[in-house]
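Visitor: One structure is given below, represented as structure tokens, and several questions about it will come after.
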Amino acid sequence: MRLPSDVLAEIEQIAEVCERSRSWVMVRALKSYLAGEGREILDLARARDDVEAGRAFDLDDVIEEVETIVKGTAA
């Protein structure tokens, strides 16, 4: 993996302060990314797949059904 020199320098500083290896710091950073932004990207991809496969509901229809339930006129 190629890294910009400023990023590598920061990784090395963190590793030194933590008395850990650069690999340890990089793995932690990647896990953090995957748990946050990476998870969001995968969730959005799954949601797009669900919509394309017809596994979704129109928001207006959902609101209408909820309003019907709240008014007590649901069948």
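Every chain in the structure tokens takes a letter, A first, then B, and so on in the order presented; its residues are numbered from 1, and the ligands are numbered from 1 following the presented order.
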Can you pull out the residues contacting region 2-7 of chain A? Cut-off 12 Å, using only C-alpha atoms, and skip same-chain residues under 4 positions away; I want them as a CSV table (one decimal) with all heavy atoms, in the first residue's frame.

Guide:
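Resulting contents of around04.csv:
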chain,number,residue,atom,x,y,z
A,11,ILE,N,1.4,8.1,11.2
A,11,ILE,CA,1.3,6.7,11.6
A,11,ILE,C,2.5,6.3,12.5
A,11,ILE,O,2.4,5.7,13.5
A,11,ILE,CB,1.1,5.7,10.5
A,11,ILE,CG1,-0.3,5.9,9.9
A,11,ILE,CG2,1.3,4.3,10.8
A,11,ILE,CD1,-0.5,5.2,8.5
A,12,GLU,N,3.7,6.6,12.0
A,12,GLU,CA,4.9,6.3,12.7
A,12,GLU,C,5.0,7.0,14.1
A,12,GLU,O,5.4,6.4,15.1
A,12,GLU,CB,6.1,6.7,11.9
A,12,GLU,CG,6.3,5.7,10.7
A,12,GLU,CD,7.5,6.1,9.8
A,12,GLU,OE1,7.9,7.3,9.9
A,12,GLU,OE2,7.9,5.3,9.0
A,13,GLN,N,4.5,8.2,14.2
A,13,GLN,CA,4.5,8.9,15.5
A,13,GLN,C,3.5,8.2,16.4
A,13,GLN,O,3.8,8.0,17.6
A,13,GLN,CB,4.0,10.4,15.3
A,13,GLN,CG,5.1,11.3,14.6
A,13,GLN,CD,4.5,12.7,14.4
A,13,GLN,OE1,3.3,12.9,14.1
A,13,GLN,NE2,5.4,13.7,14.5
A,14,ILE,N,2.3,7.9,15.9
A,14,ILE,CA,1.4,7.2,16.8
A,14,ILE,C,1.9,5.9,17.3
A,14,ILE,O,1.8,5.5,18.5
A,14,ILE,CB,0.0,7.1,16.1
A,14,ILE,CG1,-0.6,8.4,15.8
A,14,ILE,CG2,-0.9,6.2,16.8
A,14,ILE,CD1,-1.8,8.4,14.8
A,22,ARG,N,3.8,0.0,13.1
A,22,ARG,CA,3.0,0.7,12.2
A,22,ARG,C,1.8,-0.1,11.7
A,22,ARG,O,0.7,0.4,11.5
A,22,ARG,CB,3.8,1.1,10.9
A,22,ARG,CG,4.9,2.2,11.2
A,22,ARG,CD,5.5,2.6,10.0
A,22,ARG,NE,6.1,1.5,9.2
A,22,ARG,CZ,7.0,1.6,8.2
A,22,ARG,NH1,7.4,2.8,7.9
A,22,ARG,NH2,7.4,0.5,7.6
A,25,VAL,N,-1.1,0.2,14.1
A,25,VAL,CA,-1.8,1.5,13.9
A,25,VAL,C,-2.7,1.4,12.7
A,25,VAL,O,-3.9,1.8,12.7
A,25,VAL,CB,-0.8,2.6,13.9
A,25,VAL,CG1,-1.6,4.0,13.6
A,25,VAL,CG2,-0.1,2.7,15.2
A,26,MET,N,-2.2,0.9,11.6
A,26,MET,CA,-2.9,0.9,10.3
A,26,MET,C,-4.1,0.0,10.4
A,26,MET,O,-5.2,0.3,9.9
A,26,MET,CB,-2.0,0.5,9.2
A,26,MET,CG,-0.9,1.6,8.9
A,26,MET,SD,0.3,1.1,7.7
A,26,MET,CE,-0.6,0.9,6.3
A,29,ALA,N,-6.8,1.8,12.3
A,29,ALA,CA,-7.4,2.8,11.5
A,29,ALA,C,-8.3,2.2,10.5
A,29,ALA,O,-9.4,2.8,10.3
A,29,ALA,CB,-6.3,3.7,10.9

Visitor: Using Å and a single decimal, report how far CA of Tyr33 (chain A) sits from CA of Ala9 (chain A).

Guide: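 CA of Tyr33 (chain A) lies at a distance of 19.2 Å from CA of Ala9 (chain A).
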
Visitor: Run DSSP on the backbone and grab whatever in chain A lands in alpha helix (DSSP H); send it over as JSON, numbers by chain.

Guide: {"A": [5, 6, 7, 8, 9, 10, 11, 12, 13, 14, 15, 16, 17, 18, 22, 23, 24, 25, 26, 27, 28, 29, 30, 31, 32, 33, 39, 40, 41, 42, 43, 44, 45, 46, 47, 48, 49, 50, 51, 52, 59, 60, 61, 62, 63, 64, 65, 66, 67, 68, 69, 70, 71]}

Visitor: Check the smallest atom-to-atom distance from each of A:Arg55, A:Met1, A:Asp60, A:Glu65 to Ser23 (chain A) using only C-alpha atoms, then report the winner.

Guide: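 Ranking A:Arg55, A:Met1, A:Asp60, A:Glu65 by distance to Ser23 (chain A), first place goes to A:Met1.
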
Visitor: Between CA of Ile69 (chain A) and CA of Glu52 (chain A), what is the spacing in Å?

Guide: 28.2 Å

Visitor: Quick one, how far is CA of Arg20 (chain A) from CA of Ser32 (chain A)?

Guide: 16.9 Å
